[in-house]
Structures are given as C-alpha cells and as structure tokens.
Amino acid sequence: MIRIAVLVSGRGSNLQAIINSIENKYLKAQISIVISDISDAYALERARAHGIKAVHVDPGKFASKELYEIEVLKNLNSENIDLVLLAGYMKILGKTLLTAYKDRILNIHPALLPAFPGLHAQEQAFRHGVKVSGCTVHFVDEELDGGPIILQKCVEVTDDDTVQTLADRILEQEHKIYPEAVKLFVENKLIIEGRKVKFKT
Ligand code: GAR
C-alpha cells in the first residue's frame with residue numbers, strides 16, 4: 001500500500017477529498033502523516049478526526065529553509081512515505097524536499113497553468129477577465145507551479161461571477177481531479193516524458 005504524506009497550510013478541503021477517496025475505497029493508499037507549517041491549520045484537525053497523525057513543523061524554529069525542510073524530511077522518512085501531496089501548502093519547496101522526492105510530489109493549483117501561477121490564482125484570473133479558468137494537478141519541480149501537468153479541468157466564468165463564486169466552482173473541480181490524479185500515480189499509470197505526462201493504458 002502506497003504511503004502518502006499531505007503537506008498543508010490551511011483549511012484542508014483538498015486533504016478531505018483525498019481522505020474521503022481513501023475511505024470510500026476509490027483510492028487504494030494510506031495517508032500516514034499530515035504536516036502543516038501553520039500551527040492552527042484546520043487541516044490538522046481534519047486529519048486527527050480521521051485518526052491520521054498530524055504534525056506542525058514550525059518554520060520559525062529553524063535558521064534556514066534547508067534546516068526546516070530537513071525536519072520535514074525526517075518526518076517523511078520516519079513514515080516511509082512514497083508520495084507527497086501539497087494541498088494548499090503555501091511554502092515554496094526547496095532543494096532538500098525536491099531532491100529527496102523527485103517526481104513523487106504532486107500539487108493542486110486553482111488555475112489552468114501555466115496561466116496564473118503563484119498566490120491568489122482565482123483572483124488573478126478573474127481580474128484578468130478570462131472566460132475560462134479551472135484547476136491543475138501537476139508534478140512539483142524547481143519552477144514555481146511549473147512542473148509537468150497531470151490533469152486539468154476547465155470552469156467557465158460567467159458575467160455574474162465574483163472571485164468567491166468562481167473560486168468555489170473551481171474548488172469543486174479540485175476535489176474531483178486531485179483524487180483522480182493521485183489514483184493514476186498510485187496505480188503507476190503516469191509516465192513523465194519531458195514536459196509531458198502520458199498515461200499507461
Ligand atoms: C486550494 O484552492 C488550492 O488549489 C490552493 O489553495 C487552496 C487550498 O484549499 N493552492 C494554491 O493556491 C497553491 N499555489 P484547501 O486548504 O481547502 O485544500
């Protein structure tokens with residue numbers, strides 16, 4: 001059984017979607033640990049409510065990003081983690097984690113990458129006046145929100161949308177495509193060829 005770690009910073013609705021997919025047997029994997037850089041992230045409570053080990057690693061306690069990530073890595077190693085999921089984790093990954101988990105870290109982003117990387121992607125897209133936005137699950141590499149794309153889902157923007165209504169509809173799709181992408185990884189169906197991710201049949 002593949003052992004997953006989920007890194008979070010906030011409310012954890014994507015974490016919840018993964019937990020639900022495991023509990024309803026859509027995903028055959030186990031979440032062994034949830035790690036947050038924020039002490040009162042609601043995601044930690046969600047994890048504990050499902051009997052999942054939930055840990056706060058405080059970046060403020062470490063002199064550098066490298067030392068902080070070494071501590072995160074210790075937690076991952078002690079749980080024999082195979083796959084790391086970023087789910088609303090708001091820190092940019094450094095070399096330590098990227099090297100240790102090369103091609104084994106996924107992220108969900110609330111826009112159609114490569115458009116609108118970085119923070120507040122839904123708001124960036126809305127303010128830009130796009131007619132279509134959406135969400136993306138991708139492998140994480142050294143480029144911010146730039147790794148090979150696994151799945152994307154479009155969401156149309158209507159005239160009555162606000163940033164909030166658009167973000168809500170994008171989030172609904174996030175909760176669908178993140179478990180789907182994780183399932184493809186868990187079933188060893190993903191092949192990375194340069195920038196492209198192909199699916200084994
Ligand atoms: C989600 O919309 C996720 O796509 C986004 O943060 C939100 C976390 O919500 N991630 C990023 O913007 C990463 N650049 P959640 O904590 O409820 O899953």
# chains A, B, ... in the order shown; residues from 1 in each chain; ligands from 1
call {"tool": "residues_near_ligand", "arguments": {"ligand": "ligand 1", "cutoff": "9 Å", "atoms": "only C-alpha atoms and all ligand atoms", "output": "compact mmCIF listing (two decimals) with N, CA and C atoms, in the first residue's frame"}}
result
# COMPACT_ATOMS: atom_id res chain seq x y z
N VAL A 8 0.12 20.75 4.22
CA VAL A 8 -1.00 21.71 4.22
C VAL A 8 -0.60 22.99 4.94
N SER A 9 -1.41 24.03 4.70
CA SER A 9 -1.23 25.27 5.46
C SER A 9 -2.55 25.83 5.97
N GLY A 10 -3.68 25.30 5.50
CA GLY A 10 -4.95 25.97 5.80
C GLY A 10 -6.11 25.05 6.07
N ARG A 11 -7.22 25.34 5.34
CA ARG A 11 -8.49 24.71 5.72
C ARG A 11 -8.54 23.22 5.37
N GLY A 12 -7.82 22.79 4.38
CA GLY A 12 -7.69 21.34 4.15
C GLY A 12 -8.84 20.68 3.43
N SER A 13 -9.57 21.41 2.58
CA SER A 13 -10.67 20.74 1.88
C SER A 13 -10.14 19.74 0.84
N ASN A 14 -9.01 20.02 0.24
CA ASN A 14 -8.43 19.03 -0.68
C ASN A 14 -7.91 17.81 0.07
N LEU A 15 -7.34 18.03 1.24
CA LEU A 15 -6.97 16.90 2.10
C LEU A 15 -8.20 16.04 2.36
N GLN A 16 -9.32 16.72 2.69
CA GLN A 16 -10.56 15.99 2.99
C GLN A 16 -11.01 15.16 1.78
N ALA A 17 -10.87 15.73 0.59
CA ALA A 17 -11.26 14.99 -0.62
C ALA A 17 -10.42 13.72 -0.78
N ALA A 41 -3.76 25.33 11.55
CA ALA A 41 -4.42 24.98 10.28
C ALA A 41 -5.56 23.99 10.56
N TYR A 42 -6.74 24.28 10.00
CA TYR A 42 -7.89 23.40 10.23
C TYR A 42 -7.64 22.01 9.65
N ALA A 43 -6.78 21.96 8.64
CA ALA A 43 -6.43 20.67 8.03
C ALA A 43 -5.89 19.69 9.08
N LEU A 86 0.92 18.14 -2.00
CA LEU A 86 0.76 19.50 -1.49
C LEU A 86 -0.71 19.85 -1.67
N ALA A 87 -1.35 20.24 -0.58
CA ALA A 87 -2.78 20.54 -0.64
C ALA A 87 -3.02 21.85 0.10
N GLY A 88 -2.87 22.95 -0.66
CA GLY A 88 -2.98 24.26 -0.03
C GLY A 88 -1.78 24.53 0.86
N TYR A 89 -0.63 23.97 0.48
CA TYR A 89 0.62 24.21 1.23
C TYR A 89 1.25 25.46 0.63
N MET A 90 1.41 26.49 1.43
CA MET A 90 1.73 27.79 0.87
C MET A 90 3.22 28.14 0.88
N LYS A 91 4.07 27.15 1.14
CA LYS A 91 5.51 27.43 1.08
C LYS A 91 6.08 26.89 -0.24
N ILE A 92 7.06 27.60 -0.75
CA ILE A 92 7.73 27.12 -1.97
C ILE A 92 8.75 26.07 -1.56
N ASN A 107 1.00 18.64 -6.75
CA ASN A 107 0.36 19.84 -6.23
C ASN A 107 -0.94 20.09 -6.98
N ILE A 108 -1.89 20.70 -6.27
CA ILE A 108 -3.12 21.17 -6.93
C ILE A 108 -3.07 22.69 -6.94
N HIS A 109 -3.38 23.25 -8.12
CA HIS A 109 -3.33 24.72 -8.28
C HIS A 109 -4.67 25.21 -8.84
N PRO A 110 -5.22 26.30 -8.30
CA PRO A 110 -6.56 26.74 -8.72
C PRO A 110 -6.58 27.65 -9.95
N ALA A 111 -5.89 27.23 -11.01
CA ALA A 111 -5.95 27.93 -12.30
C ALA A 111 -5.45 26.95 -13.36
N PRO A 117 0.19 31.44 -12.19
CA PRO A 117 0.88 30.72 -11.11
C PRO A 117 0.92 31.60 -9.85
N GLY A 118 1.37 31.03 -8.76
CA GLY A 118 1.57 31.81 -7.53
C GLY A 118 0.30 31.95 -6.72
N LEU A 119 0.29 33.00 -5.91
CA LEU A 119 -0.81 33.18 -4.96
C LEU A 119 -2.06 33.75 -5.61
N HIS A 120 -3.22 33.51 -4.99
CA HIS A 120 -4.50 34.10 -5.39
C HIS A 120 -4.78 33.92 -6.88
N ALA A 121 -4.59 32.70 -7.34
CA ALA A 121 -4.71 32.42 -8.78
C ALA A 121 -6.14 32.69 -9.28
N GLN A 122 -7.13 32.36 -8.45
CA GLN A 122 -8.52 32.56 -8.90
C GLN A 122 -8.79 34.06 -9.11
N CYS A 135 -8.54 24.32 -12.85
CA CYS A 135 -7.53 23.86 -11.89
C CYS A 135 -6.62 22.84 -12.56
N THR A 136 -5.48 22.64 -11.92
CA THR A 136 -4.41 21.82 -12.49
C THR A 136 -3.77 20.97 -11.40
N VAL A 137 -3.56 19.69 -11.68
CA VAL A 137 -2.70 18.88 -10.82
C VAL A 137 -1.41 18.61 -11.59
N LEU A 144 8.26 27.39 -9.95
CA LEU A 144 7.02 27.60 -9.20
C LEU A 144 5.79 27.27 -10.05
N ASP A 145 5.00 26.30 -9.61
CA ASP A 145 3.79 25.86 -10.31
C ASP A 145 4.08 25.50 -11.77
N ALA A 167 -14.09 30.93 -7.36
CA ALA A 167 -13.18 30.08 -6.56
C ALA A 167 -13.94 28.86 -6.04
N ASP A 168 -15.20 29.05 -5.65
CA ASP A 168 -15.99 27.92 -5.13
C ASP A 168 -16.19 26.85 -6.21
N ILE A 170 -14.32 26.38 -8.86
CA ILE A 170 -13.02 25.76 -9.15
C ILE A 170 -12.72 24.71 -8.07
N LEU A 171 -13.00 25.07 -6.82
CA LEU A 171 -12.69 24.15 -5.71
C LEU A 171 -13.43 22.82 -5.86
N GLU A 174 -11.44 20.88 -8.12
CA GLU A 174 -10.19 20.44 -7.47
C GLU A 174 -10.44 19.14 -6.72
N HIS A 175 -11.58 19.10 -6.02
CA HIS A 175 -11.87 17.92 -5.19
C HIS A 175 -12.10 16.67 -6.04
call {"tool": "residues_around", "arguments": {"residues": "A:Val182", "least_positions_apart": "6", "cutoff": "10 Å", "atoms": "only C-alpha atoms", "output": "NGL selection string"}}
result
:A and (4 or 18 or 21 or 27-29 or 83 or 85 or 106 or 137 or 150 or 188 or 190)
call {"tool": "select_by_dssp", "arguments": {"residues": "chain A", "states": "helix (DSSP H, G or I)", "output": "PyMOL selection string"}}
result
chain A and resi 13-23+42-49+59-61+65-78+95-100+121-128+163-186
call {"tool": "closest_residue", "arguments": {"among": "A:Ile19, A:Leu7, A:Leu113, A:Ala125", "to": "A:Glu69", "atoms": "only C-alpha atoms"}}
result
A:Leu7
call {"tool": "atom_distance", "arguments": {"atom1": "atom CA of A:Arg104", "atom2": "atom CA of A:Val6"}}
result
12.0 Å
call {"tool": "atom_distance", "arguments": {"atom1": "atom CA of A:Ile35", "atom2": "atom CA of A:Ala54"}}
result
5.9 Å
call {"tool": "residues_around", "arguments": {"residues": "stretch 72-81 of chain A", "least_positions_apart": "5", "cutoff": "7 Å", "atoms": "only C-alpha atoms", "output": "PyMOL selection string"}}
result
chain A and resi 3-5+32+57+97
call {"tool": "closest_residue", "arguments": {"among": "A:Lys102, A:Ser36, A:His138, A:Ser133", "to": "A:Phe116", "atoms": "only C-alpha atoms"}}
result
A:Ser133
call {"tool": "closest_residue", "arguments": {"among": "A:Gln30, A:Asn24, A:Thr165, A:Thr201", "to": "A:Val84", "atoms": "only C-alpha atoms"}}
result
A:Gln30
call {"tool": "closest_residue", "arguments": {"among": "A:Gln124, A:Ile22, A:Asp58, A:Gly51", "to": "A:Asp37", "atoms": "only C-alpha atoms"}}
result
A:Asp58
call {"tool": "select_by_dssp", "arguments": {"residues": "chain A", "states": "strand (DSSP E)", "output": "PyMOL selection string"}}
result
chain A and resi 2-8+29-36+54-56+83-86+105-109+132-139+149-156+190-193+196-199
call {"tool": "write_last_selection", "arguments": {"atoms": "N, CA and C atoms", "output": "compact mmCIF listing (two decimals), in the first residue's frame"}}
result
# COMPACT_ATOMS: atom_id res chain seq x y z
N ILE A 2 0.63 2.14 -0.95
CA ILE A 2 1.40 3.39 -1.04
C ILE A 2 1.13 4.27 0.17
N ARG A 3 2.20 4.80 0.72
CA ARG A 3 2.08 5.65 1.92
C ARG A 3 2.22 7.11 1.52
N ILE A 4 1.18 7.89 1.84
CA ILE A 4 1.10 9.28 1.40
C ILE A 4 1.32 10.22 2.59
N ALA A 5 2.04 11.32 2.31
CA ALA A 5 2.08 12.45 3.25
C ALA A 5 1.40 13.63 2.58
N VAL A 6 0.61 14.38 3.32
CA VAL A 6 -0.03 15.57 2.77
C VAL A 6 0.50 16.78 3.52
N LEU A 7 1.01 17.75 2.76
CA LEU A 7 1.51 19.00 3.34
C LEU A 7 0.45 20.08 3.16
N VAL A 8 0.12 20.75 4.22
CA VAL A 8 -1.00 21.71 4.22
C VAL A 8 -0.60 22.99 4.94
N ALA A 29 -4.69 3.52 -0.99
CA ALA A 29 -3.47 4.12 -0.45
C ALA A 29 -3.76 4.49 1.00
N GLN A 30 -2.71 4.95 1.66
CA GLN A 30 -2.89 5.30 3.07
C GLN A 30 -2.25 6.66 3.31
N ILE A 31 -2.96 7.56 4.00
CA ILE A 31 -2.30 8.80 4.42
C ILE A 31 -1.65 8.51 5.77
N SER A 32 -0.31 8.56 5.79
CA SER A 32 0.42 8.20 7.01
C SER A 32 0.69 9.41 7.88
N ILE A 33 0.76 10.58 7.26
CA ILE A 33 1.04 11.78 8.06
C ILE A 33 0.55 13.02 7.31
N VAL A 34 0.08 13.99 8.08
CA VAL A 34 -0.24 15.32 7.55
C VAL A 34 0.67 16.31 8.27
N ILE A 35 1.35 17.13 7.50
CA ILE A 35 2.29 18.08 8.09
C ILE A 35 1.87 19.49 7.70
N SER A 36 1.82 20.37 8.69
CA SER A 36 1.46 21.77 8.43
C SER A 36 2.56 22.70 8.92
N ALA A 54 -0.97 13.96 12.73
CA ALA A 54 -0.95 15.34 12.23
C ALA A 54 0.10 16.12 13.01
N VAL A 55 1.02 16.72 12.28
CA VAL A 55 2.19 17.33 12.90
C VAL A 55 2.35 18.77 12.43
N HIS A 56 2.66 19.66 13.37
CA HIS A 56 3.03 21.03 13.00
C HIS A 56 4.55 21.14 13.04
N LEU A 83 4.80 9.03 -1.49
CA LEU A 83 4.23 10.11 -2.30
C LEU A 83 3.86 11.28 -1.39
N VAL A 84 4.25 12.49 -1.83
CA VAL A 84 3.93 13.71 -1.07
C VAL A 84 2.91 14.52 -1.86
N LEU A 85 1.82 14.89 -1.20
CA LEU A 85 0.80 15.74 -1.83
C LEU A 85 0.82 17.11 -1.18
N LEU A 86 0.92 18.14 -2.00
CA LEU A 86 0.76 19.50 -1.49
C LEU A 86 -0.71 19.85 -1.67
N ILE A 105 6.20 14.24 -5.88
CA ILE A 105 5.45 15.31 -5.19
C ILE A 105 4.43 15.87 -6.18
N LEU A 106 3.16 15.91 -5.77
CA LEU A 106 2.11 16.49 -6.61
C LEU A 106 1.55 17.73 -5.92
N ASN A 107 1.00 18.64 -6.75
CA ASN A 107 0.36 19.84 -6.23
C ASN A 107 -0.94 20.09 -6.98
N ILE A 108 -1.89 20.70 -6.27
CA ILE A 108 -3.12 21.17 -6.93
C ILE A 108 -3.07 22.69 -6.94
N HIS A 109 -3.38 23.25 -8.12
CA HIS A 109 -3.33 24.72 -8.28
C HIS A 109 -4.67 25.21 -8.84
N VAL A 132 -12.60 31.47 -19.23
CA VAL A 132 -12.45 30.09 -18.73
C VAL A 132 -11.26 30.06 -17.79
N SER A 133 -11.47 29.46 -16.62
CA SER A 133 -10.32 29.16 -15.77
C SER A 133 -10.44 27.70 -15.35
N GLY A 134 -9.92 27.34 -14.19
CA GLY A 134 -10.01 25.95 -13.79
C GLY A 134 -8.95 25.57 -12.80
N CYS A 135 -8.54 24.32 -12.85
CA CYS A 135 -7.53 23.86 -11.89
C CYS A 135 -6.62 22.84 -12.56
N THR A 136 -5.48 22.64 -11.92
CA THR A 136 -4.41 21.82 -12.49
C THR A 136 -3.77 20.97 -11.40
N VAL A 137 -3.56 19.69 -11.68
CA VAL A 137 -2.70 18.88 -10.82
C VAL A 137 -1.41 18.61 -11.59
N HIS A 138 -0.29 18.87 -10.93
CA HIS A 138 0.99 18.74 -11.63
C HIS A 138 2.06 18.18 -10.70
N PHE A 139 3.09 17.64 -11.33
CA PHE A 139 4.28 17.27 -10.57
C PHE A 139 4.99 18.55 -10.14
N ILE A 149 2.29 18.64 -16.21
CA ILE A 149 0.86 18.65 -15.86
C ILE A 149 0.25 17.26 -15.99
N ILE A 150 -0.48 16.85 -14.97
CA ILE A 150 -1.13 15.52 -14.96
C ILE A 150 -2.59 15.64 -15.42
N LEU A 151 -3.37 16.48 -14.76
CA LEU A 151 -4.79 16.66 -15.12
C LEU A 151 -5.17 18.13 -14.98
N GLN A 152 -6.11 18.54 -15.83
CA GLN A 152 -6.68 19.89 -15.71
C GLN A 152 -8.18 19.82 -15.93
N LYS A 153 -8.89 20.75 -15.32
CA LYS A 153 -10.34 20.82 -15.52
C LYS A 153 -10.71 22.29 -15.74
N CYS A 154 -11.55 22.52 -16.74
CA CYS A 154 -11.98 23.89 -17.05
C CYS A 154 -13.21 24.27 -16.25
N VAL A 155 -13.30 25.55 -15.91
CA VAL A 155 -14.50 26.11 -15.28
C VAL A 155 -14.81 27.41 -16.03
N GLU A 156 -16.05 27.54 -16.51
CA GLU A 156 -16.39 28.77 -17.24
C GLU A 156 -16.66 29.91 -16.28
N LEU A 190 1.39 6.77 -14.59
CA LEU A 190 1.93 8.02 -15.12
C LEU A 190 3.36 7.84 -15.62
N ILE A 191 3.59 8.37 -16.82
CA ILE A 191 4.95 8.36 -17.36
C ILE A 191 5.31 9.81 -17.69
N ILE A 192 6.40 10.29 -17.12
CA ILE A 192 6.84 11.66 -17.43
C ILE A 192 7.81 11.59 -18.60
N GLU A 193 7.46 12.31 -19.68
CA GLU A 193 8.36 12.40 -20.84
C GLU A 193 8.62 13.87 -21.09
N LYS A 196 5.81 16.44 -20.77
CA LYS A 196 4.51 15.77 -20.90
C LYS A 196 4.35 14.62 -19.92
N VAL A 197 3.12 14.47 -19.46
CA VAL A 197 2.81 13.29 -18.65
C VAL A 197 1.86 12.44 -19.49
N LYS A 198 2.29 11.21 -19.75
CA LYS A 198 1.43 10.29 -20.52
C LYS A 198 0.84 9.24 -19.58
N PHE A 199 -0.27 8.68 -20.04
CA PHE A 199 -0.97 7.69 -19.21
C PHE A 199 -0.77 6.30 -19.78
call {"tool": "decode", "arguments": {"residues": "stretch 165-179 of chain A", "atoms": "all heavy atoms", "output": "CSV table (one decimal), in the first residue's frame"}}
result
chain,number,residue,atom,x,y,z
A,165,THR,N,-17.4,33.2,-6.0
A,165,THR,CA,-18.2,32.2,-6.7
A,165,THR,C,-17.4,31.4,-7.6
A,165,THR,O,-17.5,30.2,-7.8
A,165,THR,CB,-19.5,32.8,-7.4
A,165,THR,OG1,-19.0,33.7,-8.4
A,165,THR,CG2,-20.4,33.4,-6.4
A,166,LEU,N,-16.5,32.1,-8.3
A,166,LEU,CA,-15.6,31.4,-9.2
A,166,LEU,C,-14.7,30.4,-8.5
A,166,LEU,O,-14.5,29.2,-8.8
A,166,LEU,CB,-14.7,32.4,-10.0
A,166,LEU,CG,-13.7,31.8,-11.0
A,166,LEU,CD1,-14.4,30.9,-12.0
A,166,LEU,CD2,-12.8,32.9,-11.6
A,167,ALA,N,-14.1,30.9,-7.4
A,167,ALA,CA,-13.2,30.1,-6.6
A,167,ALA,C,-13.9,28.9,-6.0
A,167,ALA,O,-13.4,27.7,-6.0
A,167,ALA,CB,-12.6,30.9,-5.4
A,168,ASP,N,-15.2,29.0,-5.7
A,168,ASP,CA,-16.0,27.9,-5.1
A,168,ASP,C,-16.2,26.9,-6.2
A,168,ASP,O,-16.1,25.7,-5.9
A,168,ASP,CB,-17.4,28.4,-4.7
A,168,ASP,CG,-17.3,29.2,-3.4
A,168,ASP,OD1,-16.2,29.2,-2.7
A,168,ASP,OD2,-18.3,29.9,-3.1
A,169,ARG,N,-16.5,27.3,-7.4
A,169,ARG,CA,-16.7,26.3,-8.5
A,169,ARG,C,-15.4,25.6,-8.9
A,169,ARG,O,-15.4,24.4,-9.2
A,169,ARG,CB,-17.4,27.0,-9.7
A,169,ARG,CG,-18.9,27.3,-9.5
A,169,ARG,CD,-19.7,27.2,-10.7
A,169,ARG,NE,-19.2,27.9,-11.8
A,169,ARG,CZ,-19.0,29.3,-11.9
A,169,ARG,NH1,-19.4,30.0,-10.9
A,169,ARG,NH2,-18.5,29.8,-13.0
A,170,ILE,N,-14.3,26.4,-8.9
A,170,ILE,CA,-13.0,25.8,-9.2
A,170,ILE,C,-12.7,24.7,-8.1
A,170,ILE,O,-12.3,23.6,-8.4
A,170,ILE,CB,-11.9,26.8,-9.2
A,170,ILE,CG1,-12.1,27.7,-10.5
A,170,ILE,CG2,-10.5,26.2,-9.3
A,170,ILE,CD1,-11.1,28.9,-10.6
A,171,LEU,N,-13.0,25.1,-6.8
A,171,LEU,CA,-12.7,24.2,-5.7
A,171,LEU,C,-13.4,22.8,-5.9
A,171,LEU,O,-12.9,21.7,-5.6
A,171,LEU,CB,-13.0,24.8,-4.4
A,171,LEU,CG,-12.5,24.1,-3.1
A,171,LEU,CD1,-11.0,24.1,-3.1
A,171,LEU,CD2,-13.1,24.8,-1.8
A,172,GLU,N,-14.7,22.9,-6.3
A,172,GLU,CA,-15.5,21.7,-6.5
A,172,GLU,C,-14.7,20.8,-7.5
A,172,GLU,O,-14.7,19.5,-7.3
A,172,GLU,CB,-16.8,22.0,-7.2
A,172,GLU,CG,-17.9,22.2,-6.3
A,172,GLU,CD,-19.2,22.6,-7.1
A,172,GLU,OE1,-19.5,22.0,-8.1
A,172,GLU,OE2,-19.8,23.6,-6.6
A,173,GLN,N,-14.1,21.3,-8.5
A,173,GLN,CA,-13.4,20.5,-9.5
A,173,GLN,C,-12.1,20.0,-9.0
A,173,GLN,O,-11.6,18.9,-9.3
A,173,GLN,CB,-13.2,21.3,-10.8
A,173,GLN,CG,-14.5,21.8,-11.5
A,173,GLN,CD,-15.4,20.6,-11.8
A,173,GLN,OE1,-14.9,19.5,-12.2
A,173,GLN,NE2,-16.7,20.8,-11.6
A,174,GLU,N,-11.4,20.9,-8.1
A,174,GLU,CA,-10.2,20.4,-7.5
A,174,GLU,C,-10.4,19.1,-6.7
A,174,GLU,O,-9.6,18.2,-6.8
A,174,GLU,CB,-9.7,21.5,-6.5
A,174,GLU,CG,-9.2,22.8,-7.1
A,174,GLU,CD,-8.7,23.8,-6.1
A,174,GLU,OE1,-8.0,23.4,-5.1
A,174,GLU,OE2,-9.0,25.0,-6.2
A,175,HIS,N,-11.6,19.1,-6.0
A,175,HIS,CA,-11.9,17.9,-5.2
A,175,HIS,C,-12.1,16.7,-6.0
A,175,HIS,O,-12.1,15.6,-5.5
A,175,HIS,CB,-13.1,18.2,-4.3
A,175,HIS,CG,-12.9,19.3,-3.3
A,175,HIS,ND1,-13.8,20.0,-2.7
A,175,HIS,CD2,-11.7,19.9,-2.9
A,175,HIS,CE1,-13.3,20.9,-1.9
A,175,HIS,NE2,-12.0,20.9,-2.0
A,176,LYS,N,-12.4,16.9,-7.3
A,176,LYS,CA,-12.5,15.7,-8.2
A,176,LYS,C,-11.2,15.3,-8.8
A,176,LYS,O,-10.8,14.1,-8.9
A,176,LYS,CB,-13.5,16.0,-9.3
A,176,LYS,CG,-14.9,16.2,-8.8
A,176,LYS,CD,-15.9,16.4,-9.9
A,176,LYS,CE,-17.3,16.7,-9.4
A,176,LYS,NZ,-18.2,17.4,-10.3
A,177,ILE,N,-10.5,16.3,-9.4
A,177,ILE,CA,-9.3,15.9,-10.2
A,177,ILE,C,-8.1,15.5,-9.3
A,177,ILE,O,-7.2,14.8,-9.7
A,177,ILE,CB,-8.9,16.9,-11.3
A,177,ILE,CG1,-8.4,18.2,-10.7
A,177,ILE,CG2,-10.0,17.1,-12.3
A,177,ILE,CD1,-7.6,19.1,-11.7
A,178,TYR,N,-8.0,16.0,-8.0
A,178,TYR,CA,-6.9,15.7,-7.2
A,178,TYR,C,-6.9,14.1,-6.9
A,178,TYR,O,-5.9,13.4,-7.2
A,178,TYR,CB,-6.8,16.5,-6.0
A,178,TYR,CG,-5.3,16.8,-5.5
A,178,TYR,CD1,-4.3,16.2,-6.2
A,178,TYR,CD2,-5.0,17.5,-4.4
A,178,TYR,CE1,-3.0,16.4,-5.8
A,178,TYR,CE2,-3.7,17.7,-4.0
A,178,TYR,CZ,-2.7,17.2,-4.7
A,178,TYR,OH,-1.4,17.4,-4.3
A,179,PRO,N,-8.0,13.6,-6.4
A,179,PRO,CA,-8.1,12.2,-6.2
A,179,PRO,C,-7.9,11.4,-7.5
A,179,PRO,O,-7.2,10.4,-7.4
A,179,PRO,CB,-9.5,11.9,-5.6
A,179,PRO,CG,-9.9,13.2,-5.0
A,179,PRO,CD,-9.3,14.3,-5.9
